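All remarks here apply to the structure that follows.
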Amino acid sequence: MTQDERWQKRYEEVVGFIETNHRNPSKYVAEDRDMLNWLKANRKALNAGKMKPERVEKFRKLLEMTEQYRRKNQWE
């Protein structure tokens, strides 16, 4: 399995998780941590400009999806 195939598989896993659970991966749930760490590592690569160009557009769509389920402050 190539690196691109592994990235695509993880991308599909995270998208599927968000669509089925209607929430983002949590750092408090052990099963979610791998997905959360993958998201954070790719966000860091995107911000540093080190992400492969063919992945940038897909990952930006994923970030838009995560914004929909972003945690809200209860006091606002």
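Every chain in the structure tokens takes a letter, A first, then B, and so on in the order presented; its residues are numbered from 1, and the ligands are numbered from 1 following the presented order.
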Practice prompt. Just the residues within 12 Å of region 1-8 of chain A, please, counting only C-alpha atoms, with nothing from its chain fewer than 6 positions along; format it as a PyMOL selection string.
Written response: chain A and resi 14-15+35+38-39+41-42+51-52+54-55+58-59
Could those selected residues go to a file with N, CA and C atoms, as a CSV table (one decimal), in the first residue's frame?
```
chain,number,residue,atom,x,y,z
A,14,VAL,N,-12.1,9.3,8.2
A,14,VAL,CA,-12.5,10.5,9.0
A,14,VAL,C,-13.8,11.1,8.4
A,15,VAL,N,-14.0,11.1,7.1
A,15,VAL,CA,-15.2,11.7,6.5
A,15,VAL,C,-16.4,10.8,6.9
A,35,MET,N,-7.8,9.4,14.6
A,35,MET,CA,-8.3,10.3,13.6
A,35,MET,C,-8.0,11.7,13.9
A,38,TRP,N,-4.4,12.4,13.1
A,38,TRP,CA,-4.3,12.5,11.7
A,38,TRP,C,-4.7,13.9,11.2
A,39,LEU,N,-5.9,14.4,11.7
A,39,LEU,CA,-6.4,15.7,11.3
A,39,LEU,C,-5.4,16.8,11.7
A,41,ALA,N,-2.1,16.6,12.3
A,41,ALA,CA,-0.9,16.5,11.6
A,41,ALA,C,-1.1,17.1,10.1
A,42,ASN,N,-2.2,16.8,9.5
A,42,ASN,CA,-2.4,17.3,8.2
A,42,ASN,C,-2.7,18.8,8.2
A,51,MET,N,1.9,20.2,2.3
A,51,MET,CA,1.0,19.2,1.8
A,51,MET,C,1.0,19.1,0.3
A,52,LYS,N,0.9,17.8,-0.2
A,52,LYS,CA,0.9,17.6,-1.6
A,52,LYS,C,-0.3,18.3,-2.3
A,54,GLU,N,-2.3,17.7,-4.7
A,54,GLU,CA,-3.5,17.0,-5.0
A,54,GLU,C,-4.4,16.7,-3.7
A,55,ARG,N,-3.8,16.8,-2.6
A,55,ARG,CA,-4.5,16.6,-1.3
A,55,ARG,C,-5.1,17.9,-0.7
A,58,LYS,N,-9.0,18.4,-1.2
A,58,LYS,CA,-9.8,17.4,-0.4
A,58,LYS,C,-9.7,17.8,1.1
A,59,PHE,N,-8.6,18.1,1.5
A,59,PHE,CA,-8.4,18.4,3.0
A,59,PHE,C,-9.2,19.6,3.4
```
Worksheet entry | Residue contacts of Lys27 (chain A) (12 Å, only C-alpha atoms) excluding same-chain residues fewer than 2 positions away, as a list in words | Asn24, Pro25, Val29, Ala30, Glu31, Asp32, Arg33, Asp34, Met35, Leu36, Asn37, Trp38, Leu39 and Lys40 of chain A
Keeping only N, CA and C atoms, write those residues as a PDB file, in the first residue's frame.
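What follows is the written file out.pdb:
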```pdb
ATOM      1  N   ASN A  24     -17.059  15.799  15.508  1.00  0.00           N
ATOM      2  CA  ASN A  24     -15.650  15.640  15.187  1.00  0.00           C
ATOM      3  C   ASN A  24     -15.025  14.601  16.116  1.00  0.00           C
ATOM      4  N   PRO A  25     -13.883  14.030  15.719  1.00  0.00           N
ATOM      5  CA  PRO A  25     -13.189  13.108  16.619  1.00  0.00           C
ATOM      6  C   PRO A  25     -12.797  13.820  17.912  1.00  0.00           C
ATOM      7  N   VAL A  29     -11.946  10.346  23.682  1.00  0.00           N
ATOM      8  CA  VAL A  29     -12.393   8.994  23.349  1.00  0.00           C
ATOM      9  C   VAL A  29     -11.225   8.274  22.683  1.00  0.00           C
ATOM     10  N   ALA A  30     -10.809   7.152  23.269  1.00  0.00           N
ATOM     11  CA  ALA A  30      -9.612   6.449  22.792  1.00  0.00           C
ATOM     12  C   ALA A  30      -9.713   6.048  21.327  1.00  0.00           C
ATOM     13  N   GLU A  31     -10.904   5.630  20.883  1.00  0.00           N
ATOM     14  CA  GLU A  31     -11.069   5.186  19.497  1.00  0.00           C
ATOM     15  C   GLU A  31     -10.951   6.341  18.506  1.00  0.00           C
ATOM     16  N   ASP A  32     -11.201   7.566  18.947  1.00  0.00           N
ATOM     17  CA  ASP A  32     -11.159   8.735  18.063  1.00  0.00           C
ATOM     18  C   ASP A  32      -9.768   9.341  17.937  1.00  0.00           C
ATOM     19  N   ARG A  33      -8.879   9.029  18.855  1.00  0.00           N
ATOM     20  CA  ARG A  33      -7.602   9.746  18.929  1.00  0.00           C
ATOM     21  C   ARG A  33      -6.756   9.634  17.681  1.00  0.00           C
ATOM     22  N   ASP A  34      -6.741   8.467  17.039  1.00  0.00           N
ATOM     23  CA  ASP A  34      -5.947   8.320  15.811  1.00  0.00           C
ATOM     24  C   ASP A  34      -6.435   9.261  14.718  1.00  0.00           C
ATOM     25  N   MET A  35      -7.761   9.366  14.600  1.00  0.00           N
ATOM     26  CA  MET A  35      -8.319  10.262  13.586  1.00  0.00           C
ATOM     27  C   MET A  35      -8.019  11.719  13.923  1.00  0.00           C
ATOM     28  N   LEU A  36      -8.123  12.070  15.199  1.00  0.00           N
ATOM     29  CA  LEU A  36      -7.839  13.440  15.616  1.00  0.00           C
ATOM     30  C   LEU A  36      -6.378  13.787  15.352  1.00  0.00           C
ATOM     31  N   ASN A  37      -5.466  12.878  15.676  1.00  0.00           N
ATOM     32  CA  ASN A  37      -4.046  13.124  15.437  1.00  0.00           C
ATOM     33  C   ASN A  37      -3.750  13.246  13.947  1.00  0.00           C
ATOM     34  N   TRP A  38      -4.436  12.441  13.117  1.00  0.00           N
ATOM     35  CA  TRP A  38      -4.260  12.543  11.675  1.00  0.00           C
ATOM     36  C   TRP A  38      -4.720  13.917  11.187  1.00  0.00           C
ATOM     37  N   LEU A  39      -5.871  14.366  11.695  1.00  0.00           N
ATOM     38  CA  LEU A  39      -6.382  15.698  11.320  1.00  0.00           C
ATOM     39  C   LEU A  39      -5.395  16.793  11.706  1.00  0.00           C
ATOM     40  N   LYS A  40      -4.887  16.723  12.934  1.00  0.00           N
ATOM     41  CA  LYS A  40      -3.974  17.765  13.412  1.00  0.00           C
ATOM     42  C   LYS A  40      -2.673  17.769  12.623  1.00  0.00           C
TER      43      LYS A  40
END
```
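Closest to Leu62 (chain A) among A:Tyr11, A:Lys50, A:Ser26, A:Lys44 is A:Tyr11, based on only C-alpha atoms.
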Item to complete: Please indicate the distance in Å from CA of Arg23 (chain A) to CA of Met65 (chain A), rounded to one decimal place.
Response: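 Spanning CA of Arg23 (chain A) to CA of Met65 (chain A) is a straight-line distance of 9.6 Å.
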Item to complete: Just list the residues in chain A DSSP gives alpha helix (DSSP H) on the backbone, as an MDAnalysis selection string.
Response: chainID A and resid 3:21 33:48 53:68
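Between CA of Asn21 (chain A) and CA of Pro53 (chain A) the separation is 29.0 Å.
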